[in-house]
Amino acid sequence: MADSLLIDRAPLASGCVETWTLNDPASRNALSEAMVDGLIAACERAATDADLRGVVLRGAGGHFCAGGSLGGFAKTIGQPLAAGDADPLVPLNRRFGALLQALCAQPQWLIVAVEGAAMGGGFGLVCCGDHVLAHTSAQFATPEVTLGIVPAQIAPFVVQRLGTAAARRCLLTGERWDAAAAQHFGLVDDVVDGDMDAAVQAAIARHAAAAPQAVAATKRLLLAQTDRPLPALLDDAAIAFAQALRGPEAPLGLAAFAARKAPPWNAI
């Protein structure tokens, strides 16, 4: 589907913001190969886009994402693999994990805006957000185990987002959460009872107050903490702090603070 991912770019006072819209309403935006490929390509481009300040990820047609599309796997379901054959399902599944890694690693802030269904792989996408908004219509679940499937690629990201106890609860039961429950368990930051577009714009304005290079460096530290020994992480953190203080953003930000003015990157 050529338009399975829509990308809209809008200016801010400094730089710009993009909205990435999953666009297959008929399937409640199920994650087709084309959609995953489009998202990976968008992440690769964003990683080197100096003008891009942030990304909003949302779904078309009143739903966020119903999870992975199994249509292309129909002929393989329940069929054992011939002895000695490499299983083509493995790289297909692993590619979705690569997408989740790329979303978490992008240097810009990522706002995820959820309306309607966020199931399975869609739940995994939500776990990558720096700030998650959920409309009161939102429903979240990881139903894979109830279907005899393993939530393979999303599991590490669910644990990172929710912690082990809440991750076990959702991954091992497939229970459904509304927006309030998702906020209680730490998946959602803000519940929106009203206009989602207005809530998204407010979140953009809040994040636009942060300097882009400082955001990128902070996100690298947050990502590194999951797999680095603490002393090495703190060494890197000290280097990042010194580089930021000597770089171009700190003088502007500190001068603006002293003058009680907004820094130049602030969209407000």
# chains A, B, ... in the order shown; residues from 1 in each chain; ligands from 1
$ closest_atom_pairs --of "segment 143-218 of chain A" --to "segment 114-135 of chain A" --cutoff "7 Å" --atoms "only C-alpha atoms" --output "Markdown table"
| residue | atom | partner | partner_atom | distance |
| --- | --- | --- | --- | --- |
| A:Pro143 | CA | A:Gly120 | CA | 6.3 |
| A:Glu144 | CA | A:Gly120 | CA | 6.6 |
| A:Ile154 | CA | A:Gly124 | CA | 5.0 |
| A:Phe157 | CA | A:Cys127 | CA | 6.1 |
| A:Val158 | CA | A:Cys127 | CA | 6.0 |
| A:Arg161 | CA | A:Cys127 | CA | 5.7 |
| A:Ala179 | CA | A:Ala134 | CA | 5.9 |
| A:Leu187 | CA | A:Cys127 | CA | 6.8 |
| A:Val188 | CA | A:Val132 | CA | 5.1 |
| A:Asp189 | CA | A:Val132 | CA | 5.2 |
| A:Asp190 | CA | A:Leu133 | CA | 5.0 |
| A:Val191 | CA | A:Ala134 | CA | 4.9 |
| A:Val192 | CA | A:His135 | CA | 4.5 |
| A:Asp193 | CA | A:His135 | CA | 6.1 |
| A:Met196 | CA | A:His135 | CA | 6.8 |
$ write_last_selection --atoms "all heavy atoms" --output "compact mmCIF listing (two decimals), in the first residue's frame"
# COMPACT_ATOMS: atom_id res chain seq x y z
N PRO A 143 -2.58 -9.29 23.16
CA PRO A 143 -3.36 -10.53 23.18
C PRO A 143 -2.65 -11.74 22.58
O PRO A 143 -3.26 -12.80 22.44
CB PRO A 143 -4.58 -10.16 22.33
CG PRO A 143 -4.04 -9.19 21.33
CD PRO A 143 -3.00 -8.38 22.07
N GLU A 144 -1.38 -11.61 22.26
CA GLU A 144 -0.69 -12.68 21.53
C GLU A 144 -0.83 -14.05 22.19
O GLU A 144 -1.14 -15.05 21.51
CB GLU A 144 0.80 -12.33 21.36
CG GLU A 144 1.08 -11.23 20.34
CD GLU A 144 1.06 -9.84 20.93
OE1 GLU A 144 0.44 -9.64 22.00
OE2 GLU A 144 1.66 -8.93 20.34
N ILE A 154 8.09 -7.25 20.92
CA ILE A 154 7.67 -6.15 21.78
C ILE A 154 8.05 -6.37 23.24
O ILE A 154 8.14 -5.41 24.02
CB ILE A 154 6.16 -5.86 21.68
CG1 ILE A 154 5.33 -6.95 22.35
CG2 ILE A 154 5.75 -5.65 20.23
CD1 ILE A 154 3.86 -6.60 22.48
N PHE A 157 10.62 -4.17 25.08
CA PHE A 157 10.22 -2.76 25.12
C PHE A 157 9.08 -2.55 26.11
O PHE A 157 9.01 -1.50 26.76
CB PHE A 157 9.83 -2.30 23.71
CG PHE A 157 10.96 -2.41 22.73
CD1 PHE A 157 11.16 -3.58 22.01
CD2 PHE A 157 11.85 -1.36 22.55
CE1 PHE A 157 12.22 -3.70 21.13
CE2 PHE A 157 12.91 -1.47 21.67
CZ PHE A 157 13.10 -2.65 20.96
N VAL A 158 8.22 -3.54 26.25
CA VAL A 158 7.17 -3.47 27.26
C VAL A 158 7.79 -3.48 28.66
O VAL A 158 7.39 -2.71 29.54
CB VAL A 158 6.16 -4.64 27.09
CG1 VAL A 158 5.12 -4.61 28.21
CG2 VAL A 158 5.47 -4.55 25.73
N ARG A 161 9.34 -0.13 29.44
CA ARG A 161 8.33 0.92 29.69
C ARG A 161 7.60 0.72 31.02
O ARG A 161 7.37 1.69 31.76
CB ARG A 161 7.32 0.94 28.54
CG ARG A 161 6.21 1.97 28.66
CD ARG A 161 6.68 3.35 28.32
NE ARG A 161 5.65 4.36 28.56
CZ ARG A 161 5.75 5.63 28.21
NH1 ARG A 161 6.84 6.06 27.61
NH2 ARG A 161 4.79 6.48 28.48
N ALA A 179 -7.84 3.67 28.86
CA ALA A 179 -6.83 4.71 28.98
C ALA A 179 -6.43 4.94 30.43
O ALA A 179 -5.25 5.14 30.74
CB ALA A 179 -7.33 6.01 28.35
N LEU A 187 1.96 3.09 31.12
CA LEU A 187 2.07 3.08 29.67
C LEU A 187 1.74 4.45 29.09
O LEU A 187 2.35 4.89 28.11
CB LEU A 187 1.14 2.02 29.07
CG LEU A 187 1.13 1.89 27.55
CD1 LEU A 187 2.49 1.44 27.03
CD2 LEU A 187 0.04 0.90 27.11
N VAL A 188 0.79 5.13 29.69
CA VAL A 188 0.26 6.40 29.20
C VAL A 188 0.64 7.52 30.17
O VAL A 188 0.58 7.35 31.38
CB VAL A 188 -1.27 6.31 29.04
CG1 VAL A 188 -1.90 7.68 28.86
CG2 VAL A 188 -1.63 5.39 27.88
N ASP A 189 1.01 8.67 29.60
CA ASP A 189 1.32 9.84 30.43
C ASP A 189 0.10 10.69 30.71
O ASP A 189 -0.15 11.08 31.86
CB ASP A 189 2.40 10.68 29.74
CG ASP A 189 3.71 9.94 29.60
OD1 ASP A 189 4.29 9.56 30.63
OD2 ASP A 189 4.14 9.70 28.45
N ASP A 190 -0.68 11.00 29.67
CA ASP A 190 -1.84 11.88 29.82
C ASP A 190 -3.06 11.26 29.14
O ASP A 190 -2.96 10.77 28.01
CB ASP A 190 -1.58 13.25 29.20
CG ASP A 190 -0.47 14.02 29.90
OD1 ASP A 190 -0.43 13.98 31.14
OD2 ASP A 190 0.34 14.64 29.21
N VAL A 191 -4.20 11.30 29.83
CA VAL A 191 -5.47 10.87 29.25
C VAL A 191 -6.20 12.09 28.73
O VAL A 191 -6.31 13.10 29.42
CB VAL A 191 -6.33 10.12 30.29
CG1 VAL A 191 -7.69 9.78 29.71
CG2 VAL A 191 -5.61 8.86 30.75
N VAL A 192 -6.68 12.00 27.50
CA VAL A 192 -7.32 13.12 26.83
C VAL A 192 -8.82 12.86 26.72
O VAL A 192 -9.25 11.91 26.07
CB VAL A 192 -6.73 13.34 25.42
CG1 VAL A 192 -7.43 14.50 24.71
CG2 VAL A 192 -5.22 13.57 25.51
N ASP A 193 -9.61 13.71 27.36
CA ASP A 193 -11.07 13.63 27.26
C ASP A 193 -11.53 14.86 26.49
O ASP A 193 -11.92 15.87 27.06
CB ASP A 193 -11.68 13.59 28.65
CG ASP A 193 -13.20 13.43 28.62
OD1 ASP A 193 -13.74 13.18 27.52
OD2 ASP A 193 -13.83 13.57 29.67
N MET A 196 -8.17 15.59 20.65
CA MET A 196 -6.82 15.06 20.62
C MET A 196 -5.86 16.00 19.89
O MET A 196 -4.70 16.14 20.28
CB MET A 196 -6.80 13.68 19.96
CG MET A 196 -5.41 13.05 19.85
SD MET A 196 -4.58 12.80 21.45
CE MET A 196 -5.21 11.17 21.88
$ residues_around --residues "segment 52-60 of chain A" --least-positions-apart "5" --cutoff "6 Å" --atoms "only C-alpha atoms" --output "PyMOL selection string"
chain A and resi 15-23+25+108-113
$ atom_distance --atom1 "atom CA of Ala205 of chain A" --atom2 "atom CA of Asn266 of chain A"
7.9 Å
$ residues_around --residues "segment 175-178 of chain A" --least-positions-apart "3" --cutoff "8 Å" --atoms "only C-alpha atoms" --output "list in words"
Thr136, Ser137, Ala138, Gln139, Phe140, Ala141, Thr142, Pro143, Arg169, Cys170, Ala181 and Ala182 of chain A
$ write_last_selection --atoms "all heavy atoms" --output "tab-separated table (two decimals), in the first residue's frame"
chain	number	residue	atom	x	y	z
A	136	THR	N	-9.78	8.94	25.68
A	136	THR	CA	-10.62	8.07	26.50
A	136	THR	C	-11.19	6.90	25.69
A	136	THR	O	-11.66	5.92	26.27
A	136	THR	CB	-11.77	8.86	27.14
A	136	THR	OG1	-12.45	9.64	26.13
A	136	THR	CG2	-11.24	9.80	28.22
A	137	SER	N	-11.13	6.99	24.36
A	137	SER	CA	-11.59	5.89	23.52
A	137	SER	C	-10.55	4.78	23.38
A	137	SER	O	-10.84	3.71	22.83
A	137	SER	CB	-11.92	6.41	22.11
A	137	SER	OG	-10.73	6.86	21.45
A	138	ALA	N	-9.34	5.00	23.86
A	138	ALA	CA	-8.24	4.07	23.61
A	138	ALA	C	-8.42	2.76	24.37
A	138	ALA	O	-8.92	2.73	25.50
A	138	ALA	CB	-6.91	4.72	24.00
A	139	GLN	N	-7.98	1.70	23.73
A	139	GLN	CA	-7.97	0.36	24.33
A	139	GLN	C	-6.61	-0.27	24.04
A	139	GLN	O	-6.16	-0.27	22.89
A	139	GLN	CB	-9.08	-0.51	23.75
A	139	GLN	CG	-10.49	-0.04	24.09
A	139	GLN	CD	-10.85	-0.33	25.55
A	139	GLN	OE1	-10.53	-1.40	26.06
A	139	GLN	NE2	-11.48	0.62	26.21
A	140	PHE	N	-5.98	-0.82	25.07
A	140	PHE	CA	-4.64	-1.38	24.96
A	140	PHE	C	-4.65	-2.85	25.36
A	140	PHE	O	-5.29	-3.22	26.35
A	140	PHE	CB	-3.67	-0.63	25.88
A	140	PHE	CG	-3.59	0.85	25.64
A	140	PHE	CD1	-4.49	1.72	26.25
A	140	PHE	CD2	-2.60	1.38	24.82
A	140	PHE	CE1	-4.41	3.09	26.03
A	140	PHE	CE2	-2.52	2.75	24.60
A	140	PHE	CZ	-3.43	3.60	25.20
A	141	ALA	N	-3.91	-3.66	24.62
A	141	ALA	CA	-3.76	-5.07	25.02
A	141	ALA	C	-2.62	-5.70	24.24
A	141	ALA	O	-2.24	-5.24	23.16
A	141	ALA	CB	-5.05	-5.85	24.78
A	142	THR	N	-2.06	-6.76	24.83
A	142	THR	CA	-1.09	-7.62	24.14
A	142	THR	C	-1.70	-9.02	24.11
A	142	THR	O	-1.35	-9.87	24.94
A	142	THR	CB	0.27	-7.62	24.86
A	142	THR	OG1	0.08	-8.00	26.23
A	142	THR	CG2	0.89	-6.23	24.82
A	143	PRO	N	-2.58	-9.29	23.16
A	143	PRO	CA	-3.36	-10.53	23.18
A	143	PRO	C	-2.65	-11.74	22.58
A	143	PRO	O	-3.26	-12.80	22.44
A	143	PRO	CB	-4.58	-10.16	22.33
A	143	PRO	CG	-4.04	-9.19	21.33
A	143	PRO	CD	-3.00	-8.38	22.07
A	169	ARG	N	2.03	-8.97	33.74
A	169	ARG	CA	0.58	-8.95	33.82
A	169	ARG	C	-0.05	-8.84	32.44
A	169	ARG	O	-0.97	-9.59	32.10
A	169	ARG	CB	0.12	-7.79	34.71
A	169	ARG	CG	-1.38	-7.65	34.79
A	169	ARG	CD	-1.81	-6.68	35.87
A	169	ARG	NE	-3.25	-6.55	35.93
A	169	ARG	CZ	-3.92	-6.16	37.00
A	169	ARG	NH1	-3.27	-5.86	38.11
A	169	ARG	NH2	-5.24	-6.06	36.97
A	170	CYS	N	0.44	-7.93	31.62
A	170	CYS	CA	-0.21	-7.74	30.31
A	170	CYS	C	0.25	-8.78	29.29
A	170	CYS	O	-0.56	-9.30	28.53
A	170	CYS	CB	0.01	-6.33	29.79
A	170	CYS	SG	1.69	-5.89	29.36
A	181	ALA	N	-6.53	2.78	32.98
A	181	ALA	CA	-5.70	1.67	33.47
A	181	ALA	C	-4.30	1.75	32.88
A	181	ALA	O	-3.30	1.50	33.57
A	181	ALA	CB	-6.36	0.34	33.12
A	182	ALA	N	-4.21	2.09	31.60
A	182	ALA	CA	-2.90	2.22	30.96
A	182	ALA	C	-2.07	3.32	31.62
A	182	ALA	O	-0.86	3.18	31.77
A	182	ALA	CB	-3.07	2.50	29.47
$ select_by_dssp --residues "segment 149-205 of chain A" --states "helix (DSSP H, G or I)" --output "PyMOL selection string"
chain A and resi 155-162+164-173+179-184+196-205
$ residues_around --residues "Ala262 of chain A" --least-positions-apart "4" --cutoff "12 Å" --atoms "only C-alpha atoms" --output "number ranges by chain"
A: 13-14, 208-211, 252-258, 266-268
$ select_by_dssp --residues "segment 21-212 of chain A" --states "strand (DSSP E or B)" --output "ChimeraX atom specification"
/A:21-22,31,52-59,65,68,109-114,117-119,131-135,139-141,177-178,190-192
$ write_last_selection --atoms "C-alpha atoms" --output "PDB file, in the first residue's frame"
ATOM      1  CA  THR A  21       0.214   8.665  10.463  1.00  0.00           C
ATOM      2  CA  LEU A  22      -0.365   4.930  10.121  1.00  0.00           C
ATOM      3  CA  LEU A  31       1.330  -3.353  10.638  1.00  0.00           C
ATOM      4  CA  LEU A  52      13.477  18.071  12.692  1.00  0.00           C
ATOM      5  CA  ARG A  53      12.662  18.795  16.340  1.00  0.00           C
ATOM      6  CA  GLY A  54      10.131  16.065  17.027  1.00  0.00           C
ATOM      7  CA  VAL A  55       7.720  13.477  15.685  1.00  0.00           C
ATOM      8  CA  VAL A  56       4.077  12.729  16.446  1.00  0.00           C
ATOM      9  CA  LEU A  57       3.020   9.136  15.757  1.00  0.00           C
ATOM     10  CA  ARG A  58      -0.686   8.431  15.399  1.00  0.00           C
ATOM     11  CA  GLY A  59      -3.210   6.376  13.429  1.00  0.00           C
ATOM     12  CA  CYS A  65      -2.764   0.251  15.461  1.00  0.00           C
ATOM     13  CA  GLY A  68       0.840  -7.090  13.273  1.00  0.00           C
ATOM     14  CA  TRP A 109      11.292  13.617  20.988  1.00  0.00           C
ATOM     15  CA  LEU A 110       8.535  11.201  20.019  1.00  0.00           C
ATOM     16  CA  ILE A 111       4.933  11.923  20.994  1.00  0.00           C
ATOM     17  CA  VAL A 112       2.539   8.999  20.550  1.00  0.00           C
ATOM     18  CA  ALA A 113      -1.156   9.901  20.283  1.00  0.00           C
ATOM     19  CA  VAL A 114      -3.491   6.933  20.733  1.00  0.00           C
ATOM     20  CA  ALA A 117      -7.119   0.219  19.399  1.00  0.00           C
ATOM     21  CA  ALA A 118      -3.445  -0.164  20.332  1.00  0.00           C
ATOM     22  CA  MET A 119      -2.981  -3.922  20.264  1.00  0.00           C
ATOM     23  CA  HIS A 131       5.319  11.159  25.783  1.00  0.00           C
ATOM     24  CA  VAL A 132       2.134   9.140  25.315  1.00  0.00           C
ATOM     25  CA  LEU A 133      -1.317  10.691  25.009  1.00  0.00           C
ATOM     26  CA  ALA A 134      -4.369   8.414  25.119  1.00  0.00           C
ATOM     27  CA  HIS A 135      -7.897   9.442  24.260  1.00  0.00           C
ATOM     28  CA  GLN A 139      -7.967   0.365  24.325  1.00  0.00           C
ATOM     29  CA  PHE A 140      -4.637  -1.378  24.955  1.00  0.00           C
ATOM     30  CA  ALA A 141      -3.761  -5.065  25.016  1.00  0.00           C
ATOM     31  CA  TRP A 177      -6.702  -1.811  29.522  1.00  0.00           C
ATOM     32  CA  ASP A 178      -8.651   1.379  28.983  1.00  0.00           C
ATOM     33  CA  ASP A 190      -1.843  11.877  29.819  1.00  0.00           C
ATOM     34  CA  VAL A 191      -5.466  10.869  29.250  1.00  0.00           C
ATOM     35  CA  VAL A 192      -7.324  13.124  26.827  1.00  0.00           C
TER      36      VAL A 192
END
